[in-house]
file input-v6.tsv (TSV, C-alpha atoms)
chain	number	residue	atom	x	y	z
P	1	MET	CA	10.94	-11.74	20.85
P	2	LYS	CA	7.40	-11.49	22.18
P	3	LEU	CA	4.77	-10.97	19.51
P	4	SER	CA	2.66	-9.00	21.96
P	5	ALA	CA	5.45	-6.43	22.31
P	6	LEU	CA	5.76	-5.74	18.57
P	7	SER	CA	3.98	-3.10	16.54
P	8	PHE	CA	2.48	-3.80	13.11
P	9	HIS	CA	0.94	-1.27	10.74
P	10	LEU	CA	-1.54	-2.02	7.98
P	11	SER	CA	-2.41	0.31	5.13
P	12	ALA	CA	-5.55	-1.06	3.48
P	13	LYS	CA	-4.70	0.88	0.32
P	14	SER	CA	-1.10	1.86	-0.34
P	15	GLY	CA	-0.34	5.33	-1.62
P	16	ASN	CA	2.95	4.17	-3.13
P	17	ALA	CA	2.88	4.64	-6.92
P	18	LYS	CA	5.03	1.55	-7.56
P	19	THR	CA	3.09	-0.74	-5.24
P	20	GLY	CA	-0.27	0.38	-6.53
P	21	PRO	CA	-3.59	0.40	-4.62
P	22	MET	CA	-3.06	-2.77	-2.61
P	23	ALA	CA	-2.88	-3.51	1.11
P	24	VAL	CA	0.63	-3.32	2.58
P	25	SER	CA	2.04	-3.69	6.06
P	26	THR	CA	5.09	-2.58	8.01
P	27	SER	CA	6.62	-4.46	10.93
P	28	ALA	CA	8.86	-3.15	13.69
P	29	LYS	CA	12.53	-3.08	12.75
P	30	SER	CA	13.33	-5.63	15.47
P	31	THR	CA	11.74	-8.27	13.22
P	32	CYS	CA	14.60	-7.88	10.73
P	33	SER	CA	16.90	-10.84	10.37
P	34	PRO	CA	20.23	-10.48	12.22
P	35	SER	CA	21.83	-12.18	9.21
P	36	CYS	CA	20.50	-9.69	6.64
P	37	PRO	CA	23.55	-8.21	4.84
P	38	PHE	CA	21.69	-4.94	4.31
P	39	LEU	CA	20.81	-4.41	7.95
P	40	ASP	CA	21.85	-0.79	8.56
P	41	ASN	CA	23.97	-1.02	5.42
P	42	GLY	CA	22.10	-0.38	2.18
P	43	CYS	CA	18.52	-1.29	3.07
P	44	TYR	CA	16.16	0.46	0.63
P	45	ALA	CA	13.66	1.09	3.46
P	46	GLN	CA	16.08	3.27	5.40
P	47	SER	CA	15.48	6.43	3.41
P	48	GLY	CA	12.70	8.85	2.59
P	49	PRO	CA	9.09	8.73	3.83
P	50	LEU	CA	9.15	4.94	4.27
P	51	ASN	CA	12.01	5.19	6.75
P	52	LEU	CA	10.17	7.85	8.78
P	53	HIS	CA	7.07	5.65	8.83
P	54	TRP	CA	9.14	2.59	9.78
P	55	LEU	CA	10.74	4.43	12.69
P	56	LYS	CA	7.32	5.33	14.07
P	57	VAL	CA	6.08	1.75	13.73
P	58	SER	CA	9.26	0.46	15.38
P	59	SER	CA	8.87	2.83	18.34
P	60	GLY	CA	5.21	1.92	18.80
P	61	GLU	CA	4.08	5.45	17.97
P	62	ARG	CA	2.24	4.08	14.95
P	63	GLY	CA	0.54	0.72	14.35
P	64	THR	CA	-1.23	-1.89	16.47
P	65	ASN	CA	-0.45	-5.02	18.43
P	66	PHE	CA	-0.35	-8.40	16.69
P	67	ALA	CA	-3.88	-9.48	17.65
P	68	THR	CA	-5.42	-6.28	16.28
P	69	PHE	CA	-3.26	-6.51	13.17
P	70	LEU	CA	-4.59	-10.01	12.47
P	71	SER	CA	-8.16	-8.80	12.90
P	72	LYS	CA	-7.56	-6.01	10.39
P	73	LEU	CA	-6.12	-8.51	7.91
P	74	GLU	CA	-9.21	-10.69	8.22
P	75	GLU	CA	-11.37	-7.68	7.31
P	76	LEU	CA	-9.64	-7.15	3.95
P	77	PRO	CA	-11.77	-8.06	0.90
P	78	GLU	CA	-11.76	-11.67	-0.30
P	79	GLY	CA	-9.19	-12.29	-3.01
P	80	SER	CA	-7.47	-8.92	-2.67
P	81	ALA	CA	-3.69	-8.48	-2.87
P	82	PHE	CA	-1.62	-8.00	0.27
P	83	ARG	CA	2.09	-7.36	0.58
P	84	HIS	CA	3.29	-8.07	4.10
P	85	ASN	CA	6.31	-5.98	5.08
P	86	GLN	CA	7.20	-3.12	2.84
P	87	ALA	CA	9.72	-2.84	5.69
P	88	GLY	CA	10.55	-5.43	8.33
P	89	ASP	CA	10.77	-9.24	8.34
P	90	LEU	CA	9.24	-12.20	10.16
P	91	PRO	CA	9.27	-12.09	14.00
P	92	HIS	CA	12.00	-14.31	15.40
P	93	ASN	CA	14.17	-15.28	18.32
P	94	ASN	CA	17.84	-14.88	17.40
P	95	GLY	CA	17.01	-15.57	13.77
P	96	LYS	CA	14.65	-18.47	14.43
P	97	ILE	CA	11.24	-17.62	12.97
P	98	SER	CA	8.26	-17.59	15.32
P	99	GLU	CA	6.05	-20.64	14.72
P	100	THR	CA	3.13	-18.84	16.37
P	101	PHE	CA	3.45	-15.94	13.95
P	102	ILE	CA	3.48	-18.21	10.89
P	103	ARG	CA	0.54	-20.29	12.12
P	104	LYS	CA	-1.66	-17.28	12.89
P	105	MET	CA	-0.71	-15.40	9.73
P	106	ILE	CA	-1.58	-18.38	7.54
P	107	LYS	CA	-5.07	-18.39	9.02
P	108	SER	CA	-5.60	-14.62	8.81
P	109	VAL	CA	-4.47	-14.22	5.17
P	110	ALA	CA	-6.05	-17.41	3.80
P	111	HIS	CA	-8.62	-15.34	1.87
P	112	LEU	CA	-5.99	-13.03	0.37
P	113	LYS	CA	-3.33	-13.11	-2.33
P	114	ALA	CA	-0.65	-12.58	0.31
P	115	TYR	CA	3.10	-12.50	-0.06
P	116	THR	CA	6.25	-11.30	1.68
P	117	TYR	CA	10.03	-11.77	1.80
P	118	THR	CA	12.52	-13.00	4.38
P	119	HIS	CA	16.26	-12.77	4.94
P	120	HIS	CA	16.19	-15.32	7.77
P	121	LYS	CA	18.57	-18.23	7.28
P	122	LEU	CA	16.89	-21.44	6.14
P	123	THR	CA	19.31	-23.49	8.25
P	124	LEU	CA	18.31	-22.02	11.63
P	125	GLY	CA	15.79	-23.82	13.82
P	126	ASP	CA	12.57	-24.72	12.00
P	127	ASN	CA	12.88	-21.86	9.51
P	128	LEU	CA	12.89	-24.09	6.43
P	129	SER	CA	9.84	-26.11	7.46
P	130	LEU	CA	7.92	-23.01	8.58
P	131	ILE	CA	8.55	-21.15	5.31
P	132	ARG	CA	7.54	-24.26	3.36
P	133	LYS	CA	4.38	-24.56	5.46
P	134	ALA	CA	3.39	-20.97	4.74
P	135	ASN	CA	4.01	-21.29	1.01
P	136	ARG	CA	2.06	-24.50	0.74
P	137	ALA	CA	-0.83	-22.85	2.56
P	138	GLY	CA	-0.92	-19.95	0.09
P	139	PHE	CA	0.99	-17.34	2.09
P	140	THR	CA	3.96	-16.79	-0.22
P	141	ILE	CA	7.23	-16.16	1.59
P	142	ASN	CA	10.00	-15.36	-0.88
P	143	VAL	CA	13.56	-16.17	0.18
P	144	SER	CA	15.68	-13.05	-0.25
P	145	CYS	CA	19.04	-13.79	-1.91
P	146	GLU	CA	22.20	-11.92	-2.88
P	147	THR	CA	23.69	-14.47	-5.29
P	148	GLU	CA	22.43	-16.76	-8.02
P	149	ALA	CA	23.84	-19.72	-6.08
P	150	GLN	CA	21.53	-18.81	-3.19
P	151	VAL	CA	18.64	-18.60	-5.66
P	152	ASP	CA	19.40	-22.11	-6.89
P	153	ASP	CA	19.62	-23.42	-3.32
P	154	ALA	CA	16.26	-21.88	-2.36
P	155	ILE	CA	14.51	-23.21	-5.46
P	156	ALA	CA	16.06	-26.64	-4.81
P	157	CYS	CA	14.33	-26.49	-1.42
P	158	ASP	CA	11.02	-25.91	-3.26
P	159	LEU	CA	10.86	-22.28	-2.17
P	160	PRO	CA	10.32	-19.10	-4.21
P	161	ALA	CA	13.37	-16.85	-4.45
P	162	VAL	CA	14.10	-13.20	-5.14
P	163	VAL	CA	17.54	-11.70	-5.64
P	164	VAL	CA	19.08	-8.21	-5.56
P	165	ALA	CA	20.87	-7.11	-8.73
P	166	LYS	CA	23.06	-4.09	-9.35
P	167	SER	CA	21.27	-0.92	-10.40
P	168	ASP	CA	22.98	-0.86	-13.81
P	169	GLU	CA	21.92	-4.40	-14.76
P	170	LYS	CA	20.87	-4.23	-18.43
P	171	ARG	CA	19.44	-7.73	-18.80
P	172	THR	CA	15.73	-8.21	-18.20
P	173	THR	CA	15.96	-11.99	-17.93
P	174	TRP	CA	18.67	-14.67	-17.69
P	175	HIS	CA	19.37	-18.17	-16.42
P	176	THR	CA	21.26	-19.30	-13.33
P	177	GLN	CA	23.85	-22.07	-13.40
P	178	SER	CA	21.14	-24.57	-12.45
P	179	GLY	CA	18.90	-23.41	-15.27
P	180	ASN	CA	16.43	-21.41	-13.23
P	181	VAL	CA	15.03	-18.27	-14.85
P	182	VAL	CA	15.61	-14.82	-13.33
P	183	ILE	CA	13.24	-12.01	-14.36
P	184	VAL	CA	13.85	-8.37	-13.41
P	185	CYS	CA	10.86	-6.97	-11.52
P	186	PRO	CA	8.31	-5.78	-14.13
P	187	ALA	CA	7.31	-2.84	-11.92
P	188	GLN	CA	10.91	-1.60	-11.95
P	189	ARG	CA	11.11	-1.91	-15.73
P	190	SER	CA	7.92	-0.01	-16.46
P	191	ASP	CA	6.38	3.32	-15.50
P	192	THR	CA	2.89	1.87	-15.83
P	193	VAL	CA	3.14	-1.58	-14.20
P	194	THR	CA	2.61	-1.76	-10.43
P	195	CYS	CA	3.02	-4.59	-7.92
P	196	ASN	CA	-0.76	-4.79	-7.82
P	197	ASP	CA	-0.77	-5.41	-11.59
P	198	CYS	CA	2.11	-7.89	-11.63
P	199	MET	CA	1.76	-10.17	-8.58
P	200	LEU	CA	4.65	-12.42	-9.67
P	201	CYS	CA	5.93	-12.21	-6.09
P	202	HIS	CA	2.77	-14.04	-5.07
P	203	LYS	CA	2.54	-16.64	-7.81
P	204	ARG	CA	4.86	-17.71	-10.63
P	205	GLY	CA	6.58	-20.79	-12.03
P	206	LYS	CA	8.56	-22.84	-9.51
P	207	LYS	CA	11.81	-22.31	-11.41
P	208	VAL	CA	11.40	-18.55	-11.77
P	209	ALA	CA	13.11	-16.01	-9.51
P	210	ILE	CA	12.52	-12.25	-9.41
P	211	ALA	CA	15.44	-9.80	-9.45
P	212	PHE	CA	15.15	-6.38	-7.83
P	213	LEU	CA	17.55	-3.68	-8.98
P	214	ALA	CA	19.29	-1.98	-6.05
P	215	HIS	CA	17.54	1.31	-5.40
P	216	GLY	CA	17.10	4.07	-2.84
P	217	THR	CA	19.74	6.33	-1.33
P	218	GLY	CA	21.60	3.30	0.02
P	219	LYS	CA	21.93	1.51	-3.31
P	220	ARG	CA	25.71	2.02	-3.50
P	221	LYS	CA	26.12	0.40	-0.10
P	222	ALA	CA	23.85	-2.41	-1.21
P	223	GLU	CA	25.90	-2.93	-4.35
P	224	ALA	CA	29.09	-3.07	-2.27
P	225	GLN	CA	27.49	-5.87	-0.26
P	226	LEU	CA	26.58	-7.67	-3.49
P	227	SER	CA	30.17	-7.45	-4.73
P	228	GLY	CA	31.36	-9.04	-1.51
P	229	ALA	CA	28.81	-11.83	-1.75
P	230	GLN	CA	29.84	-12.98	-5.24
call {"tool": "encode", "arguments": {"input": "input-v6.tsv", "output": "structure tokens"}}
result
Amino acid sequence: MKLSALSFHLSAKSGNAKTGPMAVSTSAKSTCSPSCPFLDNGCYAQSGPLNLHWLKVSSGERGTNFATFLSKLEELPEGSAFRHNQAGDLPHNNGKISETFIRKMIKSVAHLKAYTYTHHKLTLGDNLSLIRKANRAGFTINVSCETEAQVDDAIACDLPAVVVAKSDEKRTTWHTQSGNVVIVCPAQRSDTVTCNDCMLCHKRGKKVAIAFLAHGTGKRKAEAQLSGAQ
């Protein structure tokens, strides 16, 4: 996957009510991990206005090349919040994360409170070391999980973890088998809290994972995938 061939879109101020007025980006769908269980099967981003936007970014109709995207990131205000990838993942080659992408992103978001998520397997190529490098440099890359066992494995690797939970989950917090704490996303539990207010996906305790309740028109498909992963 050539970075120069990909399209990236940056919104300096999101219009999404849940995200709040923070910078967000969208990456071409080809960046998605081939191992993601929700790929074309329950992904929250494959519905509504976000999906239409994502399709245009993926086709190159909307967005910029990687170099221009980096320049736009560097122009964002010092200390401001930035969520990379409201849709998309980290550029890769057959699931192996691009080292060039990680290196250049670390530099371009060093002045921001930047975070994202990835479904790429930690065991492929240099994925584990690259994700660790980004996190240690301040660019938070959360490992996306489907089970509490995966959460425990990610945290054992000194990486932040997030996990999908069923939409009818009533608990707001609980512990995994290894004693790590899982907290349901505050923005999903409140009509007044936004991602811009919360920022737990950027910084939290090392033994704390965030749970996202399955949502969107594909939530039933997502929950079917969760049942199979248990």
call {"tool": "residues_around", "arguments": {"input": "input-v6.tsv", "residues": "stretch 30-32 of chain P", "least_positions_apart": "5", "cutoff": "6 Å", "atoms": "all atoms listed in the file", "output": "list in words"}}
result
Gly88, Asp89, Leu90 and Pro91 of chain P
call {"tool": "residues_around", "arguments": {"input": "input-v6.tsv", "residues": "P:Val193", "least_positions_apart": "5", "cutoff": "12 Å", "atoms": "all atoms listed in the file", "output": "PyMOL selection string"}}
result
chain P and resi 17-21+185-188+198-200
call {"tool": "residues_around", "arguments": {"input": "input-v6.tsv", "residues": "stretch 5-14 of chain P", "least_positions_apart": "4", "cutoff": "7 Å", "atoms": "all atoms listed in the file", "output": "ChimeraX atom specification"}}
result
/P:19-28,57-58,60,62-66,69
call {"tool": "write_last_selection", "arguments": {"input": "input-v6.tsv", "atoms": "C-alpha atoms", "output": "mmCIF file, in the frame of the given file"}}
result
data_model
loop_
_atom_site.group_PDB
_atom_site.id
_atom_site.type_symbol
_atom_site.label_atom_id
_atom_site.label_comp_id
_atom_site.auth_asym_id
_atom_site.auth_seq_id
_atom_site.Cartn_x
_atom_site.Cartn_y
_atom_site.Cartn_z
ATOM 1 C CA THR P 19 3.090 -0.740 -5.240
ATOM 2 C CA GLY P 20 -0.270 0.380 -6.530
ATOM 3 C CA PRO P 21 -3.590 0.400 -4.620
ATOM 4 C CA MET P 22 -3.060 -2.770 -2.610
ATOM 5 C CA ALA P 23 -2.880 -3.510 1.110
ATOM 6 C CA VAL P 24 0.630 -3.320 2.580
ATOM 7 C CA SER P 25 2.040 -3.690 6.060
ATOM 8 C CA THR P 26 5.090 -2.580 8.010
ATOM 9 C CA SER P 27 6.620 -4.460 10.930
ATOM 10 C CA ALA P 28 8.860 -3.150 13.690
ATOM 11 C CA VAL P 57 6.080 1.750 13.730
ATOM 12 C CA SER P 58 9.260 0.460 15.380
ATOM 13 C CA GLY P 60 5.210 1.920 18.800
ATOM 14 C CA ARG P 62 2.240 4.080 14.950
ATOM 15 C CA GLY P 63 0.540 0.720 14.350
ATOM 16 C CA THR P 64 -1.230 -1.890 16.470
ATOM 17 C CA ASN P 65 -0.450 -5.020 18.430
ATOM 18 C CA PHE P 66 -0.350 -8.400 16.690
ATOM 19 C CA PHE P 69 -3.260 -6.510 13.170
#
call {"tool": "closest_residue", "arguments": {"input": "input-v6.tsv", "among": "P:His119, P:Lys113, P:Lys207, P:His202", "to": "P:Thr176", "atoms": "all atoms listed in the file"}}
result
P:Lys207
call {"tool": "residues_around", "arguments": {"input": "input-v6.tsv", "residues": "stretch 125-139 of chain P", "least_positions_apart": "5", "cutoff": "9 Å", "atoms": "only C-alpha atoms", "output": "ChimeraX atom specification"}}
result
/P:95-99,102-103,105-107,109-110,112-116,120,157-160,202
call {"tool": "closest_residue", "arguments": {"input": "input-v6.tsv", "among": "P:Thr123, P:Ser190, P:Ser71, P:Thr147", "to": "P:Val164", "atoms": "only C-alpha atoms"}}
result
P:Thr147
call {"tool": "closest_residue", "arguments": {"input": "input-v6.tsv", "among": "P:His92, P:Ala165, P:Ala149, P:Thr118", "to": "P:Gln177", "atoms": "all atoms listed in the file"}}
result
P:Ala149
call {"tool": "atom_distance", "arguments": {"input": "input-v6.tsv", "atom1": "atom CA of P:His175", "atom2": "atom CA of P:Asp153"}}
result
14.1 Å
call {"tool": "closest_residue", "arguments": {"input": "input-v6.tsv", "among": "P:Thr140, P:Ser33, P:Asn51, P:Gln46", "to": "P:His84", "atoms": "all atoms listed in the file"}}
result
P:Thr140
call {"tool": "closest_residue", "arguments": {"input": "input-v6.tsv", "among": "P:Asn180, P:Ser35, P:Ser47, P:Ser80", "to": "P:Asn94", "atoms": "all atoms listed in the file"}}
result
P:Ser35
call {"tool": "atom_distance", "arguments": {"input": "input-v6.tsv", "atom1": "atom CA of P:Glu169", "atom2": "atom CA of P:Leu213"}}
result
7.3 Å
call {"tool": "closest_residue", "arguments": {"input": "input-v6.tsv", "among": "P:Cys195, P:Ala214, P:Ala154, P:Ala67", "to": "P:Phe101", "atoms": "all atoms listed in the file"}}
result
P:Ala67
call {"tool": "residues_around", "arguments": {"input": "input-v6.tsv", "residues": "P:Val181", "least_positions_apart": "5", "cutoff": "10 Å", "atoms": "only C-alpha atoms", "output": "PyMOL selection string"}}
result
chain P and resi 151-152+173-176+205-210
call {"tool": "atom_distance", "arguments": {"input": "input-v6.tsv", "atom1": "atom CA of P:Lys166", "atom2": "atom CA of P:Val143"}}
result
18.1 Å
